file upload-v5.csv (CSV, C-alpha atoms and all ligand atoms)
chain,number,residue,atom,x,y,z
A,1,MET,CA,-34.6,-112.7,4.5
A,2,ILE,CA,-31.3,-113.0,2.6
A,3,ILE,CA,-27.8,-112.2,3.7
A,4,PHE,CA,-25.3,-111.6,1.0
A,5,SER,CA,-21.7,-110.7,1.5
A,6,GLU,CA,-18.6,-110.4,-0.6
A,7,LYS,CA,-16.6,-111.8,2.3
A,8,HIS,CA,-16.8,-115.2,3.9
A,9,GLN,CA,-15.9,-113.9,7.3
A,10,ASP,CA,-19.2,-112.0,7.4
A,11,LEU,CA,-21.2,-115.0,6.6
A,12,ASN,CA,-19.4,-117.3,9.0
A,13,GLN,CA,-20.1,-114.9,11.9
A,14,ASN,CA,-23.7,-114.8,11.0
A,15,ILE,CA,-24.0,-118.5,10.5
A,16,LYS,CA,-22.6,-118.9,14.1
A,17,ILE,CA,-25.3,-116.7,15.4
A,18,LEU,CA,-28.0,-118.5,13.5
A,19,LYS,CA,-26.8,-121.8,14.8
A,20,GLU,CA,-26.6,-120.6,18.4
A,21,LYS,CA,-30.2,-119.3,18.2
A,22,ASP,CA,-31.5,-122.4,16.4
A,23,ILE,CA,-32.7,-120.4,13.4
A,24,ASN,CA,-33.2,-122.3,10.1
A,25,TYR,CA,-31.3,-121.2,7.0
A,26,LEU,CA,-30.2,-122.4,3.6
A,27,ILE,CA,-26.9,-121.6,1.9
A,28,ARG,CA,-26.9,-121.1,-1.8
A,29,ASN,CA,-24.2,-120.1,-4.2
A,30,GLN,CA,-24.6,-117.3,-6.7
A,31,ASP,CA,-21.9,-115.9,-8.9
A,32,ASN,CA,-19.5,-117.9,-6.8
A,33,LYS,CA,-20.5,-116.0,-3.7
A,34,ASN,CA,-22.4,-117.6,-0.8
A,35,ILE,CA,-25.8,-116.3,0.1
A,36,ILE,CA,-27.6,-117.2,3.3
A,37,ILE,CA,-31.3,-117.5,2.9
A,38,ILE,CA,-33.1,-117.4,6.2
A,39,ILE,CA,-36.4,-119.3,6.1
A,40,SER,CA,-37.5,-118.8,9.7
A,41,ASP,CA,-39.3,-115.6,10.7
A,42,LEU,CA,-36.9,-113.2,12.4
A,43,ASN,CA,-37.6,-110.5,15.0
A,44,LYS,CA,-36.4,-107.0,14.4
A,45,GLU,CA,-33.7,-107.3,17.1
A,46,LEU,CA,-32.1,-110.3,15.4
A,47,LYS,CA,-32.3,-108.7,12.0
A,48,ASN,CA,-30.3,-105.7,13.4
A,49,ILE,CA,-27.7,-108.0,15.0
A,50,LEU,CA,-27.2,-109.8,11.7
A,51,THR,CA,-26.9,-106.5,9.8
A,52,GLU,CA,-24.5,-105.0,12.2
A,53,ASN,CA,-22.3,-108.0,11.9
A,54,LEU,CA,-21.6,-107.4,8.3
A,55,LYS,CA,-18.3,-105.6,8.2
A,56,TYR,CA,-17.9,-105.7,4.5
A,57,LYS,CA,-21.5,-104.8,3.6
A,58,LYS,CA,-23.9,-105.8,2.2
A,59,ILE,CA,-27.1,-107.1,3.5
A,60,LEU,CA,-30.3,-107.5,1.7
A,61,ILE,CA,-33.5,-107.8,3.5
A,62,ASP,CA,-36.4,-109.0,1.6
A,63,ASP,CA,-39.6,-110.9,2.1
A,64,SER,CA,-38.8,-113.5,-0.4
A,65,ALA,CA,-35.7,-115.2,-1.5
A,66,ASP,CA,-36.9,-116.2,-5.0
A,67,GLN,CA,-34.8,-113.7,-6.9
A,68,TYR,CA,-31.7,-115.4,-5.4
A,69,LEU,CA,-32.9,-118.9,-6.1
A,70,ASN,CA,-32.4,-121.0,-9.1
A,71,LYS,CA,-35.0,-119.6,-11.6
A,72,ASN,CA,-34.8,-122.7,-13.7
A,73,ARG,CA,-36.2,-125.2,-11.4
A,74,TYR,CA,-36.0,-128.7,-12.9
A,75,ILE,CA,-34.6,-132.1,-12.4
A,76,LYS,CA,-32.1,-133.8,-14.6
A,77,TYR,CA,-32.4,-137.4,-15.3
A,78,LYS,CA,-30.6,-139.4,-18.1
A,79,GLU,CA,-30.3,-136.5,-20.5
A,80,ASN,CA,-33.8,-135.4,-19.7
A,81,THR,CA,-34.8,-132.1,-18.1
A,82,LEU,CA,-38.0,-132.7,-16.2
A,83,PHE,CA,-40.5,-130.7,-14.2
A,84,GLN,CA,-39.1,-127.4,-15.3
A,85,ASP,CA,-41.0,-124.1,-14.9
A,86,GLY,CA,-43.7,-123.7,-17.5
A,87,THR,CA,-44.4,-127.4,-17.8
A,88,PHE,CA,-47.3,-129.3,-16.2
A,89,GLU,CA,-46.3,-133.0,-15.9
A,90,ILE,CA,-48.9,-135.6,-15.2
A,91,ILE,CA,-48.0,-138.6,-13.1
A,92,ALA,CA,-50.8,-141.2,-13.0
A,93,GLY,CA,-51.4,-144.7,-11.8
A,94,PRO,CA,-53.0,-146.7,-9.1
A,95,CYS,CA,-52.6,-146.2,-5.4
A,96,SER,CA,-51.5,-149.8,-5.1
A,97,ILE,CA,-50.3,-152.2,-7.7
A,98,GLU,CA,-52.7,-155.1,-7.5
A,99,ASN,CA,-52.4,-157.4,-10.5
A,100,LYS,CA,-51.3,-157.8,-14.1
A,101,LYS,CA,-54.7,-157.0,-15.6
A,102,GLN,CA,-55.1,-153.8,-13.6
A,103,MET,CA,-51.6,-152.6,-14.7
A,104,GLU,CA,-52.1,-153.5,-18.3
A,105,ILE,CA,-55.4,-151.5,-18.5
A,106,ILE,CA,-53.7,-148.5,-16.8
A,107,GLY,CA,-50.6,-148.8,-19.0
A,108,ILE,CA,-52.4,-148.8,-22.3
A,109,ASN,CA,-54.6,-145.9,-21.4
A,110,LEU,CA,-51.8,-143.7,-20.1
A,111,ALA,CA,-49.9,-144.4,-23.2
A,112,LYS,CA,-52.8,-143.4,-25.4
A,113,LEU,CA,-53.0,-140.1,-23.6
A,114,ASP,CA,-49.3,-139.5,-23.9
A,115,ILE,CA,-48.6,-139.6,-20.2
A,116,LYS,CA,-44.9,-139.8,-19.4
A,117,PHE,CA,-44.9,-140.9,-15.7
A,118,ILE,CA,-46.5,-144.0,-14.2
A,119,ARG,CA,-46.9,-144.4,-10.4
A,120,GLY,CA,-48.0,-147.2,-8.2
A,121,GLY,CA,-47.3,-148.4,-4.7
A,122,ALA,CA,-45.6,-151.8,-4.1
A,123,PHE,CA,-44.8,-151.1,-0.5
A,124,LYS,CA,-47.8,-149.3,1.0
A,125,PRO,CA,-47.8,-147.2,4.2
A,126,ARG,CA,-51.4,-148.0,5.3
A,127,THR,CA,-53.0,-146.4,8.3
A,128,SER,CA,-54.2,-149.9,9.5
A,129,PRO,CA,-51.9,-152.9,9.7
A,130,TYR,CA,-54.8,-155.1,8.7
A,131,ASP,CA,-55.1,-153.4,5.3
A,132,PHE,CA,-53.4,-154.5,2.0
A,133,GLN,CA,-49.7,-153.8,2.4
A,134,GLY,CA,-48.7,-154.0,-1.3
A,135,LEU,CA,-47.3,-156.7,-3.6
A,136,GLN,CA,-43.7,-155.7,-3.0
A,137,LYS,CA,-41.2,-157.2,-5.5
A,138,GLU,CA,-44.0,-158.7,-7.6
A,139,GLY,CA,-45.6,-155.3,-7.8
A,140,LEU,CA,-42.4,-153.6,-8.8
A,141,GLU,CA,-42.1,-156.2,-11.7
A,142,LEU,CA,-45.6,-155.4,-12.9
A,143,LEU,CA,-45.0,-151.6,-12.8
A,144,LYS,CA,-41.6,-151.9,-14.6
A,145,SER,CA,-43.1,-154.1,-17.3
A,146,GLN,CA,-45.6,-151.4,-18.2
A,147,ALA,CA,-42.9,-148.8,-18.1
A,148,LYS,CA,-40.8,-150.8,-20.5
A,149,LYS,CA,-43.7,-151.5,-22.8
A,150,HIS,CA,-44.9,-147.9,-23.1
A,151,ASP,CA,-41.7,-146.0,-22.3
A,152,PHE,CA,-42.9,-144.4,-19.0
A,153,PHE,CA,-40.8,-143.1,-16.2
A,154,VAL,CA,-41.6,-145.0,-13.0
A,155,ILE,CA,-42.3,-143.4,-9.6
A,156,THR,CA,-42.8,-145.6,-6.6
A,157,GLU,CA,-42.5,-145.2,-2.8
A,158,VAL,CA,-39.6,-146.4,-0.7
A,159,MET,CA,-40.8,-146.7,2.9
A,160,GLU,CA,-37.5,-147.7,4.6
A,161,SER,CA,-33.8,-147.8,3.8
A,162,SER,CA,-33.7,-151.6,3.5
A,163,GLN,CA,-35.9,-151.3,0.4
A,164,ILE,CA,-33.7,-148.8,-1.5
A,165,GLU,CA,-31.5,-151.4,-3.2
A,166,LEU,CA,-34.4,-153.4,-4.5
A,167,ILE,CA,-36.5,-150.4,-5.6
A,168,ASN,CA,-33.5,-148.9,-7.3
A,169,ASN,CA,-33.7,-151.7,-9.9
A,170,TYR,CA,-37.2,-150.8,-10.9
A,171,THR,CA,-37.8,-147.1,-10.4
A,172,ASP,CA,-36.7,-143.8,-12.1
A,173,ILE,CA,-37.8,-141.6,-9.2
A,174,PHE,CA,-38.0,-142.5,-5.6
A,175,GLN,CA,-41.0,-141.3,-3.7
A,176,ILE,CA,-40.8,-140.5,0.0
A,177,GLY,CA,-44.2,-140.5,1.5
A,178,SER,CA,-45.9,-138.0,3.8
A,179,ARG,CA,-45.4,-140.3,6.8
A,180,ASN,CA,-41.7,-140.4,6.2
A,181,MET,CA,-41.0,-136.7,5.6
A,182,TYR,CA,-39.6,-136.5,9.1
A,183,ASN,CA,-37.6,-139.7,8.8
A,184,TYR,CA,-34.2,-138.0,8.6
A,185,SER,CA,-32.1,-141.1,8.4
A,186,LEU,CA,-34.2,-142.3,5.4
A,187,LEU,CA,-33.9,-138.8,3.8
A,188,LYS,CA,-30.1,-138.9,4.2
A,189,LYS,CA,-29.9,-142.4,2.7
A,190,ILE,CA,-32.0,-141.3,-0.3
A,191,GLY,CA,-29.8,-138.3,-0.6
A,192,ASN,CA,-26.9,-140.6,-1.4
A,193,GLN,CA,-28.7,-142.1,-4.4
A,194,ALA,CA,-28.3,-140.9,-7.9
A,195,LYS,CA,-31.9,-140.9,-9.0
A,196,PRO,CA,-34.4,-138.1,-8.4
A,197,VAL,CA,-36.6,-138.0,-5.4
A,198,LEU,CA,-40.3,-137.0,-5.1
A,199,LEU,CA,-40.7,-135.7,-1.5
A,200,LYS,CA,-44.2,-135.5,-0.2
A,201,ARG,CA,-45.1,-132.9,2.4
A,202,GLY,CA,-45.7,-134.3,5.9
A,203,MET,CA,-49.4,-134.0,6.7
A,204,SER,CA,-48.6,-131.7,9.6
A,205,ALA,CA,-45.4,-130.1,8.3
A,206,SER,CA,-44.9,-126.4,8.0
A,207,TYR,CA,-43.3,-125.0,4.8
A,208,GLU,CA,-40.1,-124.5,6.8
A,209,GLU,CA,-40.0,-128.2,7.9
A,210,PHE,CA,-40.8,-129.3,4.4
A,211,ILE,CA,-37.9,-127.3,2.9
A,212,LEU,CA,-35.5,-128.5,5.6
A,213,ALA,CA,-36.5,-132.1,4.9
A,214,ALA,CA,-35.6,-131.5,1.2
A,215,GLU,CA,-32.3,-130.0,2.4
A,216,TYR,CA,-31.6,-133.2,4.3
A,217,ILE,CA,-31.6,-135.0,1.0
A,218,GLN,CA,-29.7,-132.3,-0.8
A,219,SER,CA,-27.1,-132.2,2.0
A,220,GLN,CA,-25.9,-135.7,0.9
A,221,GLY,CA,-25.4,-134.6,-2.7
A,222,ASN,CA,-28.7,-135.4,-4.4
A,223,LYS,CA,-30.1,-132.1,-5.7
A,224,ASN,CA,-32.8,-133.7,-8.0
A,225,ILE,CA,-35.7,-133.2,-5.7
A,226,ILE,CA,-39.4,-132.5,-6.5
A,227,LEU,CA,-41.6,-131.3,-3.7
A,228,CYS,CA,-45.2,-132.5,-3.6
A,229,GLU,CA,-48.1,-130.8,-1.8
A,230,ARG,CA,-50.5,-133.5,-0.7
A,231,GLY,CA,-52.8,-131.9,1.8
A,232,ILE,CA,-52.5,-131.2,5.5
A,233,ARG,CA,-54.6,-132.1,8.5
A,234,THR,CA,-57.2,-129.5,9.6
A,235,PHE,CA,-60.5,-129.6,11.4
A,236,GLU,CA,-62.5,-130.1,8.1
A,237,LYS,CA,-64.2,-133.4,7.7
A,238,LYS,CA,-65.7,-133.2,4.2
A,239,THR,CA,-62.2,-133.8,2.7
A,240,ARG,CA,-59.7,-136.3,3.8
A,241,PHE,CA,-57.0,-133.6,4.1
A,242,THR,CA,-57.0,-129.9,3.2
A,243,LEU,CA,-55.2,-129.3,0.0
A,244,ASP,CA,-53.0,-126.3,0.8
A,245,LEU,CA,-52.5,-124.8,-2.7
A,246,MET,CA,-50.7,-121.7,-1.4
A,247,ALA,CA,-47.8,-124.1,-0.7
A,248,VAL,CA,-47.0,-123.8,-4.4
A,249,PRO,CA,-46.3,-120.0,-4.8
A,250,ILE,CA,-44.9,-119.8,-1.2
A,251,LEU,CA,-42.4,-122.6,-1.7
A,252,LYS,CA,-41.4,-121.1,-5.0
A,253,LYS,CA,-40.4,-118.0,-3.1
A,254,LEU,CA,-38.5,-119.8,-0.5
A,255,ALA,CA,-36.9,-122.8,-2.1
A,256,ASP,CA,-35.6,-123.8,-5.5
A,257,TYR,CA,-37.2,-127.1,-6.1
A,258,PRO,CA,-39.9,-127.9,-8.6
A,259,ILE,CA,-43.3,-128.5,-6.9
A,260,ILE,CA,-46.2,-130.6,-7.9
A,261,VAL,CA,-49.6,-131.3,-6.3
A,262,ASP,CA,-51.3,-134.6,-5.4
A,263,PRO,CA,-55.1,-133.9,-5.6
A,264,SER,CA,-56.0,-137.5,-4.8
A,265,HIS,CA,-54.6,-137.7,-1.3
A,266,GLY,CA,-55.0,-133.9,-0.9
A,267,THR,CA,-58.8,-134.2,-1.1
A,268,GLY,CA,-59.6,-137.8,-0.6
A,269,ARG,CA,-62.4,-137.5,-3.1
A,270,TRP,CA,-62.4,-138.4,-6.8
A,271,ASP,CA,-65.1,-135.8,-7.6
A,272,LEU,CA,-62.7,-133.0,-6.4
A,273,ILE,CA,-59.8,-134.1,-8.5
A,274,LYS,CA,-60.8,-132.0,-11.5
A,275,PRO,CA,-61.2,-128.7,-9.7
A,276,ALA,CA,-58.0,-129.4,-7.7
A,277,VAL,CA,-56.0,-130.1,-10.8
A,278,MET,CA,-57.2,-126.9,-12.5
A,279,ALA,CA,-56.5,-124.8,-9.4
A,280,SER,CA,-53.0,-126.4,-9.1
A,281,TYR,CA,-52.2,-125.4,-12.7
A,282,CYS,CA,-53.2,-121.8,-11.9
A,283,THR,CA,-50.9,-121.7,-8.9
A,284,GLY,CA,-47.9,-122.4,-11.1
A,285,ALA,CA,-47.3,-126.0,-10.1
A,286,GLN,CA,-45.1,-128.0,-12.4
A,287,GLY,CA,-47.4,-131.0,-12.4
A,288,VAL,CA,-49.9,-133.2,-10.6
A,289,MET,CA,-50.0,-136.8,-9.4
A,290,ILE,CA,-53.3,-138.5,-9.8
A,291,GLU,CA,-54.6,-141.9,-8.7
A,292,VAL,CA,-56.3,-143.9,-11.4
A,293,HIS,CA,-57.9,-147.3,-11.3
A,294,PRO,CA,-59.9,-149.3,-13.9
A,295,ASP,CA,-62.5,-150.0,-11.2
A,296,PRO,CA,-62.2,-147.7,-8.2
A,297,ASP,CA,-65.0,-149.5,-6.3
A,298,LEU,CA,-62.9,-152.6,-6.2
A,299,ALA,CA,-59.6,-151.0,-5.5
A,300,LEU,CA,-57.6,-152.5,-2.6
A,301,SER,CA,-56.6,-149.0,-1.5
A,302,ASP,CA,-57.9,-145.4,-2.0
A,303,GLY,CA,-60.6,-146.2,-4.5
A,304,PHE,CA,-62.7,-143.3,-3.3
A,305,GLN,CA,-60.0,-140.9,-4.4
A,306,SER,CA,-59.1,-142.6,-7.7
A,307,LEU,CA,-60.4,-141.6,-11.1
A,308,ASN,CA,-61.8,-144.3,-13.4
A,309,ILE,CA,-60.4,-144.5,-16.9
A,310,ASP,CA,-63.2,-142.5,-18.5
A,311,ASN,CA,-63.0,-139.6,-16.0
A,312,PHE,CA,-59.2,-139.6,-16.3
A,313,LYS,CA,-59.4,-139.3,-20.1
A,314,ASP,CA,-61.9,-136.5,-19.8
A,315,LEU,CA,-59.6,-134.6,-17.3
A,316,ILE,CA,-56.5,-135.0,-19.5
A,317,ASN,CA,-58.5,-133.8,-22.6
A,318,ARG,CA,-59.6,-130.7,-20.7
A,319,ILE,CA,-56.0,-130.1,-19.5
A,320,ASN,CA,-54.8,-130.3,-23.1
A,321,MET,CA,-57.4,-127.7,-24.2
A,322,ILE,CA,-56.0,-125.1,-21.8
A,323,GLU,CA,-53.8,-122.8,-23.9
A,324,GLY,CA,-50.2,-123.0,-23.1
A,325,PHE,CA,-50.1,-126.7,-22.2
B,401,LIG,C1,-49.1,-142.3,-2.1
B,401,LIG,O1,-48.9,-141.4,-2.9
B,401,LIG,O2,-49.3,-143.5,-2.4
B,401,LIG,C2,-49.2,-142.0,-0.6
B,401,LIG,C3,-49.3,-143.0,0.3
B,401,LIG,O3,-49.3,-140.7,-0.4
B,401,LIG,P1,-48.9,-139.9,1.0
B,401,LIG,O4,-47.6,-140.4,1.4
B,401,LIG,O5,-49.0,-138.5,0.6
B,401,LIG,O6,-50.0,-140.3,2.0
B,402,MN,MN,-53.1,-143.7,-2.2

call {"tool": "encode", "arguments": {"input": "upload-v5.csv", "output": "structure tokens"}}
result
Amino acid sequence: MIIFSEKHQDLNQNIKILKEKDINYLIRNQDNKNIIIIISDLNKELKNILTENLKYKKILIDDSADQYLNKNRYIKYKENTLFQDGTFEIIAGPCSIENKKQMEIIGINLAKLDIKFIRGGAFKPRTSPYDFQGLQKEGLELLKSQAKKHDFFVITEVMESSQIELINNYTDIFQIGSRNMYNYSLLKKIGNQAKPVLLKRGMSASYEEFILAAEYIQSQGNKNIILCERGIRTFEKKTRFTLDLMAVPILKKLADYPIIVDPSHGTGRWDLIKPAVMASYCTGAQGVMIEVHPDPDLALSDGFQSLNIDNFKDLINRINMIEGF
């Protein structure tokens, strides 16, 4: 639902009501007028109250807010416009940065395939404290050296505020992981940074919670946010998570951030990455993030959901064959 009014008084009154009732909303500016976009479901009674409140007219009730949102979703970074509608960006790299050799093989192969974005974890949020936790600063150095050599943009995860300063020296885009989507103090801190943020959906987060997490970042001034659908927990056991691809069209109706899909974490199975990538393209996603490893069987994390180099090449060649790419 959208409330639009010529007069600020009208909107203020309604914002007060929404606050009192604990209803979630976003405020956007269009043609220098404020618009309130209500992302919660509203009952009829509340819709009526909000409508009656508008002295100066006019209220618009609609199922989707997309026509009032920024149609040209993109992020701006150093003169570049990235992840805009109509593009399908590929982010690829290992789950964890492990050693120089691994990163060199990945770097050279991504470059051959014209991939623009390299990923890799240096600080790893592992389910078990006994698993590999990442190479930290040494890992960041290895990632950055490949980026310099082949002219990639770097994406890496920041797990806590104390890491921001260090990671800022190495990354182009900060990744906030699924487990941290509800970490509002980290979201606010990253909202004060100048660089873009890739925000992954919490594994049990509703669309509304996901949008509001992005709004936490935006509320501090950083509007360069990319959402990432990465699968949610369901009862199904054949996949690690259930990739919720309808997140893409639905979030495009409700929010004005680019959205990409992570088929590696979203399925937990390398053999499902290809169909998941193809399906993501069809939903209108602005890209995908894929885990790649020279020898997935020996990977220190997430080998079972990583493509080897040959399978990755095959996938990229297929993507390039689709008309419109
Ligand atoms: C990752 O992308 O490395 C990762 C840990 O993903 P998620 O936060 O979605 O689990
Ligand atoms: Mn991983």

call {"tool": "closest_atom_pairs", "arguments": {"input": "upload-v5.csv", "of": "chain A", "to": "ligand LIG 401 (chain B)", "cutoff": "9 Å", "atoms": "only C-alpha atoms and all ligand atoms", "output": "Markdown table"}}
result
| residue | atom | partner | partner_atom | distance |
| --- | --- | --- | --- | --- |
| A:Pro94 | CA | B:LIG401 | O2 | 8.3 |
| A:Cys95 | CA | B:LIG401 | O2 | 5.2 |
| A:Ser96 | CA | B:LIG401 | O2 | 7.2 |
| A:Arg119 | CA | B:LIG401 | O1 | 8.3 |
| A:Gly120 | CA | B:LIG401 | O2 | 7.0 |
| A:Gly121 | CA | B:LIG401 | O2 | 5.8 |
| A:Lys124 | CA | B:LIG401 | C3 | 6.5 |
| A:Pro125 | CA | B:LIG401 | C3 | 5.9 |
| A:Arg126 | CA | B:LIG401 | C3 | 7.4 |
| A:Thr156 | CA | B:LIG401 | O2 | 8.0 |
| A:Glu157 | CA | B:LIG401 | O2 | 7.0 |
| A:Gln175 | CA | B:LIG401 | O1 | 7.9 |
| A:Ile176 | CA | B:LIG401 | O4 | 6.9 |
| A:Gly177 | CA | B:LIG401 | O4 | 3.4 |
| A:Ser178 | CA | B:LIG401 | O4 | 3.8 |
| A:Arg179 | CA | B:LIG401 | O4 | 5.8 |
| A:Asn180 | CA | B:LIG401 | O4 | 7.6 |
| A:Met181 | CA | B:LIG401 | O4 | 8.7 |
| A:Leu199 | CA | B:LIG401 | O4 | 8.8 |
| A:Lys200 | CA | B:LIG401 | O5 | 5.7 |
| A:Arg201 | CA | B:LIG401 | O5 | 7.1 |
| A:Gly202 | CA | B:LIG401 | O5 | 7.5 |
| A:Met203 | CA | B:LIG401 | O5 | 7.6 |
| A:Cys228 | CA | B:LIG401 | O5 | 8.3 |
| A:Glu229 | CA | B:LIG401 | O5 | 8.1 |
| A:Arg230 | CA | B:LIG401 | O5 | 5.4 |
| A:Gly231 | CA | B:LIG401 | O5 | 7.7 |
| A:Asp262 | CA | B:LIG401 | O5 | 7.5 |
| A:Ser264 | CA | B:LIG401 | O1 | 8.3 |
| A:His265 | CA | B:LIG401 | O5 | 6.0 |
| A:Gly266 | CA | B:LIG401 | O5 | 7.7 |
| A:Met289 | CA | B:LIG401 | O1 | 8.0 |
| A:Ile290 | CA | B:LIG401 | O1 | 8.7 |
| A:Glu291 | CA | B:LIG401 | O1 | 8.1 |
| A:Asp302 | CA | B:LIG401 | O2 | 8.8 |

call {"tool": "write_last_selection", "arguments": {"input": "upload-v5.csv", "atoms": "C-alpha atoms", "output": "short mmCIF file (atom, residue, chain, number, x, y, z; two decimals), in the frame of the given file"}}
result
data_model
loop_
_atom_site.label_atom_id
_atom_site.label_comp_id
_atom_site.auth_asym_id
_atom_site.auth_seq_id
_atom_site.Cartn_x
_atom_site.Cartn_y
_atom_site.Cartn_z
CA PRO A 94 -53.00 -146.70 -9.10
CA CYS A 95 -52.60 -146.20 -5.40
CA SER A 96 -51.50 -149.80 -5.10
CA ARG A 119 -46.90 -144.40 -10.40
CA GLY A 120 -48.00 -147.20 -8.20
CA GLY A 121 -47.30 -148.40 -4.70
CA LYS A 124 -47.80 -149.30 1.00
CA PRO A 125 -47.80 -147.20 4.20
CA ARG A 126 -51.40 -148.00 5.30
CA THR A 156 -42.80 -145.60 -6.60
CA GLU A 157 -42.50 -145.20 -2.80
CA GLN A 175 -41.00 -141.30 -3.70
CA ILE A 176 -40.80 -140.50 0.00
CA GLY A 177 -44.20 -140.50 1.50
CA SER A 178 -45.90 -138.00 3.80
CA ARG A 179 -45.40 -140.30 6.80
CA ASN A 180 -41.70 -140.40 6.20
CA MET A 181 -41.00 -136.70 5.60
CA LEU A 199 -40.70 -135.70 -1.50
CA LYS A 200 -44.20 -135.50 -0.20
CA ARG A 201 -45.10 -132.90 2.40
CA GLY A 202 -45.70 -134.30 5.90
CA MET A 203 -49.40 -134.00 6.70
CA CYS A 228 -45.20 -132.50 -3.60
CA GLU A 229 -48.10 -130.80 -1.80
CA ARG A 230 -50.50 -133.50 -0.70
CA GLY A 231 -52.80 -131.90 1.80
CA ASP A 262 -51.30 -134.60 -5.40
CA SER A 264 -56.00 -137.50 -4.80
CA HIS A 265 -54.60 -137.70 -1.30
CA GLY A 266 -55.00 -133.90 -0.90
CA MET A 289 -50.00 -136.80 -9.40
CA ILE A 290 -53.30 -138.50 -9.80
CA GLU A 291 -54.60 -141.90 -8.70
CA ASP A 302 -57.90 -145.40 -2.00
#

call {"tool": "closest_residue", "arguments": {"input": "upload-v5.csv", "among": "A:Met321, A:Ala213, A:Ile273, A:Leu300", "to": "ligand MN 402 (chain B)", "atoms": "only C-alpha atoms and all ligand atoms"}}
result
A:Leu300

call {"tool": "closest_residue", "arguments": {"input": "upload-v5.csv", "among": "A:Ser301, A:Asn320, A:Gln9, A:Asn168", "to": "ligand MN 402 (chain B)", "atoms": "all atoms listed in the file"}}
result
A:Ser301

call {"tool": "atom_distance", "arguments": {"input": "upload-v5.csv", "atom1": "atom CA of Lys253 of chain A", "atom2": "atom CA of Ile118 of chain A"}}
result
28.9 Å

call {"tool": "closest_residue", "arguments": {"input": "upload-v5.csv", "among": "A:Ala122, A:Ile232, A:Ile322, A:Ile260", "to": "ligand MN 402 (chain B)", "atoms": "all atoms listed in the file"}}
result
A:Ala122

call {"tool": "atom_distance", "arguments": {"input": "upload-v5.csv", "atom1": "atom CA of Glu141 of chain A", "atom2": "atom CA of Tyr170 of chain A"}}
result
7.3 Å

call {"tool": "atom_distance", "arguments": {"input": "upload-v5.csv", "atom1": "atom CA of Asn34 of chain A", "atom2": "atom CA of Gln13 of chain A"}}
result
13.2 Å

call {"tool": "residues_near_point", "arguments": {"input": "upload-v5.csv", "point": "(-40.6, -132.0, -8.2)", "cutoff": "6 Å", "atoms": "only C-alpha atoms", "output": "JSON, numbers by chain"}}
result
{"A": [198, 225, 226, 227, 258, 259, 260]}

call {"tool": "write_last_selection", "arguments": {"input": "upload-v5.csv", "atoms": "C-alpha atoms", "output": "mmCIF file, keeping the file's coordinate frame"}}
result
data_model
loop_
_atom_site.group_PDB
_atom_site.id
_atom_site.type_symbol
_atom_site.label_atom_id
_atom_site.label_comp_id
_atom_site.auth_asym_id
_atom_site.auth_seq_id
_atom_site.Cartn_x
_atom_site.Cartn_y
_atom_site.Cartn_z
ATOM 1 C CA LEU A 198 -40.300 -137.000 -5.100
ATOM 2 C CA ILE A 225 -35.700 -133.200 -5.700
ATOM 3 C CA ILE A 226 -39.400 -132.500 -6.500
ATOM 4 C CA LEU A 227 -41.600 -131.300 -3.700
ATOM 5 C CA PRO A 258 -39.900 -127.900 -8.600
ATOM 6 C CA ILE A 259 -43.300 -128.500 -6.900
ATOM 7 C CA ILE A 260 -46.200 -130.600 -7.900
#

call {"tool": "residues_around", "arguments": {"input": "upload-v5.csv", "residues": "Gly139 of chain A", "least_positions_apart": "2", "cutoff": "9 Å", "atoms": "all atoms listed in the file", "output": "ChimeraX atom specification"}}
result
/A:96-100,120-123,134-137,141-144

call {"tool": "closest_residue", "arguments": {"input": "upload-v5.csv", "among": "A:Lys116, A:His8, A:Lys313, A:His293", "to": "ligand MN 402 (chain B)", "atoms": "all atoms listed in the file"}}
result
A:His293

call {"tool": "closest_residue", "arguments": {"input": "upload-v5.csv", "among": "A:Arg240, A:Lys252, A:Arg318, A:Lys76", "to": "ligand MN 402 (chain B)", "atoms": "all atoms listed in the file"}}
result
A:Arg240

call {"tool": "residues_near_point", "arguments": {"input": "upload-v5.csv", "point": "(-33.7, -145.9, 2.5)", "cutoff": "12 Å", "atoms": "all atoms listed in the file", "output": "JSON, numbers by chain"}}
result
{"A": [157, 158, 159, 160, 161, 162, 163, 164, 165, 166, 167, 168, 174, 175, 176, 177, 180, 183, 184, 185, 186, 187, 188, 189, 190, 191, 192, 193, 197, 217]}

call {"tool": "write_last_selection", "arguments": {"input": "upload-v5.csv", "atoms": "C-alpha atoms", "output": "short mmCIF file (atom, residue, chain, number, x, y, z; two decimals), in the frame of the given file"}}
result
data_model
loop_
_atom_site.label_atom_id
_atom_site.label_comp_id
_atom_site.auth_asym_id
_atom_site.auth_seq_id
_atom_site.Cartn_x
_atom_site.Cartn_y
_atom_site.Cartn_z
CA GLU A 157 -42.50 -145.20 -2.80
CA VAL A 158 -39.60 -146.40 -0.70
CA MET A 159 -40.80 -146.70 2.90
CA GLU A 160 -37.50 -147.70 4.60
CA SER A 161 -33.80 -147.80 3.80
CA SER A 162 -33.70 -151.60 3.50
CA GLN A 163 -35.90 -151.30 0.40
CA ILE A 164 -33.70 -148.80 -1.50
CA GLU A 165 -31.50 -151.40 -3.20
CA LEU A 166 -34.40 -153.40 -4.50
CA ILE A 167 -36.50 -150.40 -5.60
CA ASN A 168 -33.50 -148.90 -7.30
CA PHE A 174 -38.00 -142.50 -5.60
CA GLN A 175 -41.00 -141.30 -3.70
CA ILE A 176 -40.80 -140.50 0.00
CA GLY A 177 -44.20 -140.50 1.50
CA ASN A 180 -41.70 -140.40 6.20
CA ASN A 183 -37.60 -139.70 8.80
CA TYR A 184 -34.20 -138.00 8.60
CA SER A 185 -32.10 -141.10 8.40
CA LEU A 186 -34.20 -142.30 5.40
CA LEU A 187 -33.90 -138.80 3.80
CA LYS A 188 -30.10 -138.90 4.20
CA LYS A 189 -29.90 -142.40 2.70
CA ILE A 190 -32.00 -141.30 -0.30
CA GLY A 191 -29.80 -138.30 -0.60
CA ASN A 192 -26.90 -140.60 -1.40
CA GLN A 193 -28.70 -142.10 -4.40
CA VAL A 197 -36.60 -138.00 -5.40
CA ILE A 217 -31.60 -135.00 1.00
#
